[in-house]
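So the structure is just underneath, and the comments pick up after that.
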Amino acid sequence: MTPTGRIGLLGGTFDPFHHGHLALALSADAALDLDALHLIPAHIPPHRSQQPGASAEHRFAMVALGIAETPGLVVDDRELHDDGPSYTSRTLASFTTLGWKASQIFFITGADAFAEIETWHDYPAILDRAHFVIVSRPGRDVMSLMADLPALAPRMRVATKKAPPSAADTATPSIWLVQATTPAVSASAIRSAVADGRSITGQTPPLVEQHILRHGLYGRSPGSSQAAGPSGAASGLHAKEHV
């Protein structure tokens, strides 16, 4: 059966999942009127020098817990099965194989990450494989990308909750700019706070905070058995939530 509607994809290391990730997803969903939205934890992040501090099972579990009370969001483990780097182009190709057209796929990322798009694997061809939805981040206004990436400015369009794009507007892959207020939260700051014994309340969904503290994540330097190793609970949730 040929897929219908619009599907949003938000990839990331999610180490850990936090309110900034959730705000990106919800802002894009509201502005583009998406029919489905998948959050996809990366196995091996290609733009990160250090490997994640938490195992793939724990990161998957944290996303599942973080979106548990938000209808319409789905955690997707397809990148966790890949042996190599989690390239966006490979992930987009996996959806195309399932019958999704480029005009139906909306890849979501923050303005800070998209500012480095010229360094991404398979650029610039990747821009023709899906719509790109770029959301403002603290310190990086999405509208500044027009001046910072002048070669891509002709492809950039503005999407808002009040005026989501029509089917005709999305017939050809574009770069959609979403002006939104997202919380100034970072995964690295959360990891540091946990390691120092400081509170992270309000930076992650409550269930994610509980998971981090229950399993002792980020309590030691990345790569230690406690910080990186999976647990039976996380592996079990991965199996239960398998997409």
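We label chains A, B, ... in the order they appear in the structure tokens, count residues from 1 in each chain, and number ligands from 1 in the order shown.
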Using only C-alpha atoms, I'd like a table of the residues in stretch 1-102 of chain A that come within 7 Å of stretch 127-150 of chain A; for each, show the closest atom pair and its distance in Å rounded to one decimal, ordered by chain and ascending number, as a Markdown table.
| residue | atom | partner | partner_atom | distance |
| --- | --- | --- | --- | --- |
| A:Leu24 | CA | A:Val135 | CA | 6.4 |
| A:Ala28 | CA | A:Val133 | CA | 6.8 |
| A:Leu92 | CA | A:Arg129 | CA | 6.8 |
| A:Ala102 | CA | A:Ala130 | CA | 4.4 |
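Backbone DSSP of stretch 23-203 of chain A yields strand (DSSP E) at Ala36, Leu37, His38, Leu39, Ile40, Pro41, Leu73, Val74, Val75, Ile105, Phe106, Phe107, Ile108, Thr109, Gly110, His131, Phe132, Val133, Ile134, Val135, Met156, Arg157, Val158, Ile175, Trp176, Leu177 and Val178 of chain A.
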Once you have the residues from the selection above, write them out as a tab-separated table (two decimals), in the first residue's frame, restricted to C-alpha atoms.
chain	number	residue	atom	x	y	z
A	36	ALA	CA	2.78	11.33	11.57
A	37	LEU	CA	6.02	12.18	13.32
A	38	HIS	CA	8.87	9.72	13.96
A	39	LEU	CA	11.72	10.40	16.38
A	40	ILE	CA	14.78	8.44	15.30
A	41	PRO	CA	17.70	7.88	17.71
A	73	LEU	CA	4.70	10.93	18.16
A	74	VAL	CA	6.43	7.60	17.49
A	75	VAL	CA	9.93	6.41	18.42
A	105	ILE	CA	8.79	13.49	3.88
A	106	PHE	CA	9.63	16.36	6.23
A	107	PHE	CA	13.01	16.12	7.94
A	108	ILE	CA	13.13	18.29	11.06
A	109	THR	CA	16.22	19.88	12.54
A	110	GLY	CA	17.29	22.95	14.49
A	131	HIS	CA	11.50	18.71	2.65
A	132	PHE	CA	13.71	20.16	5.38
A	133	VAL	CA	11.95	21.83	8.30
A	134	ILE	CA	14.22	24.19	10.22
A	135	VAL	CA	13.16	25.43	13.65
A	156	MET	CA	13.55	28.67	1.69
A	157	ARG	CA	9.94	29.34	2.60
A	158	VAL	CA	8.19	30.27	5.83
A	175	ILE	CA	13.39	24.27	3.04
A	176	TRP	CA	10.70	25.38	5.48
A	177	LEU	CA	11.60	27.94	8.14
A	178	VAL	CA	9.65	27.74	11.41
**Asked** Smallest atom-to-atom distance to A:Ala180: which of A:Gly53, A:Gly202, A:Gly20, A:Pro71, using only C-alpha atoms?
**Response**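 That would be A:Gly20, the residue with the smallest distance to A:Ala180.
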**Item:** Shell around A:Arg78 at 12 Å using only C-alpha atoms, local window under 4 positions removed, as a VMD selection string
**Value:** chain A and resid 9 11 38 to 43 56 60 82 to 83 86 to 88 90 to 95 238 242 to 243
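Atom CA of A:Glu57 is found 20.9 Å from atom CA of A:Gln203.
With atom CA of A:Arg155 on one side and atom CA of A:His121 on the other, the separation reads 19.3 Å.
Of the listed residues A:Gly72, A:Pro45, A:Gly219, A:Pro52, the one whose atoms come nearest to A:Ile7 is A:Gly72, with distances taken using only C-alpha atoms.
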**Message:** I'd like the interatomic distance between atom CA of A:Lys162 and atom CA of A:Gly12, to a tenth of an Å.
**Reply:**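 Atom CA of A:Gly12 lies at a distance of 27.6 Å from atom CA of A:Lys162.
Of the listed residues A:Gly66, A:Phe14, A:Ser188, A:Asp169, the one whose atoms come nearest to A:Gln104 is A:Asp169, with distances taken using only C-alpha atoms.
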**Prompt:** Can you tell me, as a ChimeraX atom specification, what residues are no more than 12 Å from A:Ala68 when counting only C-alpha atoms, ignoring any on the same chain fewer than 4 positions away?
**Reply:** /A:22,61-64,72-75,205-208,237,241
**All alpha helix (DSSP H) positions in stretch 53-102 of chain A, as number ranges by chain** = A: 56-66, 88-97
Can I get the selection written as a compact mmCIF listing (two decimals), in the first residue's frame, with C-alpha atoms?
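Listed below is the output, out_8.txt:
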# COMPACT_ATOMS: atom_id res chain seq x y z
CA ALA A 56 21.33 2.75 22.30
CA GLU A 57 18.77 0.89 24.43
CA HIS A 58 18.76 3.62 27.07
CA ARG A 59 18.51 6.40 24.50
CA PHE A 60 15.64 4.63 22.75
CA ALA A 61 13.94 4.15 26.12
CA MET A 62 14.35 7.83 27.02
CA VAL A 63 12.71 8.94 23.78
CA ALA A 64 9.85 6.48 24.30
CA LEU A 65 9.34 7.74 27.85
CA GLY A 66 9.71 11.38 26.83
CA THR A 88 20.39 11.31 7.20
CA SER A 89 20.60 10.41 3.51
CA ARG A 90 20.50 6.71 4.39
CA THR A 91 17.50 7.20 6.67
CA LEU A 92 15.61 9.14 4.01
CA ALA A 93 16.36 6.39 1.50
CA SER A 94 14.81 3.83 3.86
CA PHE A 95 11.53 5.73 3.80
CA THR A 96 11.65 6.08 0.02
CA THR A 97 12.03 2.30 -0.19
**Message:** Using only C-alpha atoms, can you tell me which of A:Gly8, A:Ser103, A:Glu209, A:Glu69 comes closest to A:Ala168?
**Reply:**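 Counting only C-alpha atoms, the residue closest to A:Ala168 is A:Ser103.
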**Item:** Selection: 10 Å around A:Trp120, only C-alpha atoms, excl. self and same-chain fewer than 3 positions, as a PyMOL selection string
**Value:** chain A and resi 46-47+87-89+113-114+116-117+123-124+126
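Each of A:Thr204, A:Gln210, A:Thr70, A:Thr2 was checked against A:Ala187 using only C-alpha atoms; the smallest atom-to-atom distance is that of A:Thr204.
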